[in-house]
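Trainee: So here's input_2.txt (compact mmCIF, C-alpha atoms).
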# COMPACT_ATOMS: atom_id res chain seq x y z
CA MET E 1 16.50 -6.85 -4.78
CA LYS E 2 18.40 -6.14 -8.00
CA ASP E 3 16.78 -4.33 -10.88
CA ASP E 4 16.53 -5.46 -14.49
CA LYS E 5 19.55 -3.40 -15.55
CA GLU E 6 21.63 -6.12 -13.89
CA GLY E 7 19.70 -8.89 -15.65
CA LYS E 8 17.73 -9.98 -12.60
CA LYS E 9 14.08 -10.79 -12.07
CA ILE E 10 11.64 -7.89 -12.06
CA ILE E 11 8.82 -8.24 -9.51
CA THR E 12 5.68 -6.21 -10.10
CA ALA E 13 2.21 -5.81 -8.62
CA LYS E 14 -0.58 -4.89 -11.06
CA LEU E 15 -4.14 -4.09 -10.06
CA LEU E 16 -7.55 -4.97 -11.37
CA ILE E 17 -9.36 -1.96 -9.88
CA GLN E 18 -13.11 -2.16 -10.38
CA ASN E 19 -15.64 0.67 -10.07
CA ASP E 20 -19.31 0.51 -9.03
CA GLU E 21 -20.33 -0.03 -12.66
CA GLY E 22 -18.17 -3.17 -12.89
CA LYS E 23 -15.58 -1.52 -15.16
CA PHE E 24 -11.81 -1.82 -14.75
CA LEU E 25 -9.17 0.91 -14.73
CA ALA E 26 -6.75 0.80 -17.69
CA ILE E 27 -3.91 3.23 -18.39
CA GLU E 28 -2.12 4.29 -21.56
CA ASN E 29 1.66 4.75 -21.54
CA SER E 30 3.08 8.10 -22.59
CA GLU E 31 5.55 8.63 -25.41
CA LYS E 32 8.26 8.91 -22.74
CA ARG E 33 7.99 5.15 -22.12
CA GLU E 34 10.57 4.10 -24.73
CA LYS E 35 9.60 0.45 -25.06
CA THR E 36 5.82 0.78 -24.77
CA PRO E 37 4.62 4.23 -25.91
CA GLY E 38 0.88 4.38 -26.57
CA LYS E 39 0.33 0.86 -25.23
CA TRP E 40 -2.15 0.03 -22.49
CA GLU E 41 -1.61 -1.73 -19.17
CA LEU E 42 -3.04 -2.18 -15.70
CA PRO E 43 -1.98 0.28 -13.03
CA GLY E 44 0.77 -0.82 -10.69
CA GLY E 45 4.52 -1.19 -10.78
CA ARG E 46 7.68 -2.66 -9.39
CA LEU E 47 8.16 -3.66 -5.80
CA LYS E 48 10.82 -1.71 -3.91
CA TYR E 49 13.30 -3.49 -1.66
CA GLY E 50 11.53 -4.85 1.43
CA GLU E 51 8.03 -4.16 0.07
CA ASP E 52 5.38 -6.83 -0.28
CA ARG E 53 2.97 -6.85 -3.23
CA PHE E 54 0.13 -5.25 -1.26
CA LYS E 55 2.21 -2.31 -0.01
CA ALA E 56 3.69 -1.81 -3.48
CA ALA E 57 0.27 -1.78 -5.12
CA LYS E 58 -1.10 0.72 -2.61
CA ARG E 59 1.97 2.94 -2.98
CA GLU E 60 1.80 2.89 -6.77
CA MET E 61 -1.91 3.79 -6.79
CA LYS E 62 -1.33 6.71 -4.43
CA GLU E 63 1.77 8.00 -6.24
CA GLU E 64 0.50 7.67 -9.80
CA PHE E 65 -3.27 8.17 -9.48
CA ASN E 66 -4.00 9.64 -6.03
CA LEU E 67 -6.21 6.68 -5.11
CA GLU E 68 -6.32 5.00 -1.71
CA VAL E 69 -6.91 1.29 -2.28
CA GLU E 70 -8.24 -1.07 0.39
CA ASP E 71 -8.92 -4.80 0.73
CA LEU E 72 -6.57 -6.06 -1.94
CA GLU E 73 -7.00 -9.71 -2.91
CA ASP E 74 -4.58 -11.96 -4.77
CA VAL E 75 -5.82 -13.01 -8.19
CA VAL E 76 -2.81 -14.78 -9.70
CA ARG E 77 0.97 -14.66 -10.00
CA ILE E 78 2.34 -14.90 -13.53
CA GLU E 79 5.94 -15.30 -14.70
CA VAL E 80 6.80 -13.86 -18.11
CA GLU E 81 10.09 -14.20 -19.96
CA SER E 82 10.99 -11.57 -22.52
CA ASP E 83 14.21 -9.55 -22.33
CA HIS E 84 14.25 -10.51 -18.65
CA LEU E 85 12.14 -12.53 -16.22
CA VAL E 86 9.10 -10.69 -14.88
CA SER E 87 7.16 -12.04 -11.92
CA CYS E 88 3.82 -10.25 -11.79
CA TYR E 89 1.28 -10.40 -8.99
CA ILE E 90 -2.17 -9.41 -10.18
CA LEU E 91 -4.33 -8.10 -7.35
CA PHE E 92 -7.98 -7.06 -7.19
CA SER E 93 -9.93 -4.43 -5.31
CA ASP E 94 -13.32 -2.82 -5.67
CA ARG E 95 -12.75 -0.73 -2.52
CA TRP E 96 -10.92 2.52 -3.15
CA THR E 97 -11.37 6.21 -2.53
CA GLY E 98 -10.46 9.31 -4.50
CA ASN E 99 -10.83 10.41 -8.09
CA PRO E 100 -8.21 9.05 -10.49
CA GLU E 101 -5.79 11.69 -11.66
CA LEU E 102 -2.59 11.22 -13.61
CA ARG E 103 0.16 12.44 -11.30
CA GLU E 104 3.28 11.37 -13.20
CA ASP E 105 4.34 11.69 -16.82
CA LYS E 106 4.40 7.91 -17.37
CA HIS E 107 0.83 7.82 -18.66
CA THR E 108 -1.20 9.99 -21.02
CA LYS E 109 -4.69 8.85 -20.11
CA TYR E 110 -6.80 6.35 -18.24
CA LYS E 111 -10.26 4.96 -18.77
CA TRP E 112 -12.73 2.63 -17.15
CA VAL E 113 -13.45 -0.29 -19.47
CA THR E 114 -15.79 -3.25 -19.67
CA GLY E 115 -14.47 -6.76 -20.22
CA ASP E 116 -14.93 -6.53 -23.98
CA GLU E 117 -13.31 -3.09 -24.16
CA PHE E 118 -10.49 -4.37 -21.97
CA MET E 119 -9.74 -7.17 -24.44
CA ASN E 120 -9.68 -4.80 -27.42
CA LEU E 121 -7.10 -2.35 -26.06
CA ASP E 122 -3.63 -2.25 -27.62
CA TRP E 123 -1.73 -3.90 -24.74
CA HIS E 124 2.04 -3.86 -24.56
CA SER E 125 3.67 -7.27 -24.82
CA ASP E 126 4.22 -7.76 -21.08
CA ALA E 127 0.67 -6.66 -20.19
CA GLY E 128 -1.63 -8.77 -22.36
CA TYR E 129 -1.49 -11.53 -19.74
CA ASP E 130 -3.89 -9.42 -17.66
CA ILE E 131 -6.80 -10.27 -19.95
CA VAL E 132 -7.48 -13.83 -18.76
CA PRO E 133 -7.47 -12.98 -15.03
CA MET E 134 -9.85 -10.09 -15.70
CA LYS E 135 -12.23 -12.19 -17.79
CA CYS E 136 -12.19 -15.07 -15.27
CA LEU E 137 -11.90 -12.95 -12.12
CA GLU E 138 -14.49 -14.78 -10.03
CA GLU E 139 -12.89 -18.17 -10.65
CA TYR E 140 -9.43 -16.81 -9.80
CA LEU E 141 -10.66 -15.20 -6.57
CA GLU E 142 -12.23 -18.49 -5.43
CA LYS E 143 -9.00 -20.47 -5.77
CA ASP E 144 -6.58 -21.03 -2.91
CA LYS E 145 -3.27 -19.22 -3.41
CA ILE E 146 0.03 -20.70 -2.27
CA TYR E 147 2.31 -17.68 -2.72
Would you mind giving the structure from this file in C-alpha cells?
Mentor:
Amino acid sequence: MKDDKEGKKIITAKLLIQNDEGKFLAIENSEKREKTPGKWELPGGRLKYGEDRFKAAKREMKEEFNLEVEDLEDVVRIEVESDHLVSCYILFSDRWTGNPELREDKHTKYKWVTGDEFMNLDWHSDAGYDIVPMKCLEEYLEKDKIY
C-alpha cells in the first residue's frame, strides 16, 4: 500500500471506544501535528501493509494509549476527499482493558466525553465525520455491512 506522499489513498481505522458511563474517548493533537495542532479526533490511525482494520485499530490503541481492545464491531466506512482520498473505517468497542495513557508525542490530552460534549469539540477537518456515527451508533451497529 502506498502512502499519501505519493498521492495515493490513505486507509485508516478510527475507534469509538466507550466506557462504562457511556462516554467516548477523544484525543487532542499536539502542536507537533503540523496540519491539525490542537484539534480533536478519535483514536486510531493508518493501516500498515497487510493489516486489516481490526488489527490496525488494536495496534494503534496499544501503541498510543496502552489499551487492549476486544470485540471490535464495524460501524461505517467513510471516504473523504481533501488533499488526498481518505478511506476511514470507524469501529466500535466497549470492551477494553487498561488505563489510557498517552504514550507518543502525537497527542497532548484525552478525555471521555458525552454525545453533546463530543459534538462541541474542535475537530480537525478530516475528523468531524465521526460525529454522526457516534450520535447514531445503535442504528449503525444494526445495519448489515458489505465491506
Trainee: For a quick check of your reading of the model, name the residues lying within 9 Å of the coordinate (6.3, 9.7, -8.5), counting all atoms listed in the file, and write them as a PDB file with C-alpha atoms, keeping the file's coordinate frame.
Mentor:
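Saved result, point.pdb, follows:
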ATOM      1  CA  GLU E  60       1.800   2.890  -6.770  1.00  0.00           C
ATOM      2  CA  GLU E  63       1.770   8.000  -6.240  1.00  0.00           C
ATOM      3  CA  GLU E  64       0.500   7.670  -9.800  1.00  0.00           C
ATOM      4  CA  ARG E 103       0.160  12.440 -11.300  1.00  0.00           C
ATOM      5  CA  GLU E 104       3.280  11.370 -13.200  1.00  0.00           C
ATOM      6  CA  ASP E 105       4.340  11.690 -16.820  1.00  0.00           C
TER       7      ASP E 105
END
Trainee: Could you please determine the separation between CA of Trp40 (chain E) and CA of Lys55 (chain E) in Å, to one decimal place?
Mentor: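 We find that CA of Trp40 (chain E) and CA of Lys55 (chain E) lie 23.0 Å from each other.
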Trainee: Residues near region 19-25 of chain E, anyone? I mean within 12 Å using all atoms listed in the file, not counting same-chain ones fewer than 2 positions away, as a ChimeraX atom specification.
Mentor: /E:14-17,27-28,40-44,61,65,67,69,92-101,109-119,121,130-131,133-135,137
Trainee: Return the single residue from E:Arg46, E:Lys106, E:Arg77, E:His124 that is closest to Lys9 (chain E), with distances computed using all atoms listed in the file.
Mentor: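 Looking only at the distances to Lys9 (chain E), the closest residue turns out to be E:Arg46.
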Trainee: What does the structure give for the distance between CA of Lys143 (chain E) and CA of Val76 (chain E), in Å to one decimal?
Mentor: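 Straight-line distance from CA of Lys143 (chain E) to CA of Val76 (chain E) works out to 9.3 Å.
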Trainee: May I ask which of the residues E:Val132, E:Leu141, E:Leu91, E:Val80 is the closest one to Lys58 (chain E), counting only C-alpha atoms?
Mentor: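 Counting only C-alpha atoms, the residue closest to Lys58 (chain E) is E:Leu91.
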Trainee: Separation of CA of Leu47 (chain E) and CA of Thr12 (chain E), in Å?
Mentor: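 Atom-to-atom, CA of Leu47 (chain E) and CA of Thr12 (chain E) are spaced 5.6 Å apart.
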Trainee: Between E:Lys62, E:Lys8, E:Lys32, E:Lys48, which has the minimum distance to Val86 (chain E) (counting only C-alpha atoms)?
Mentor: E:Lys8
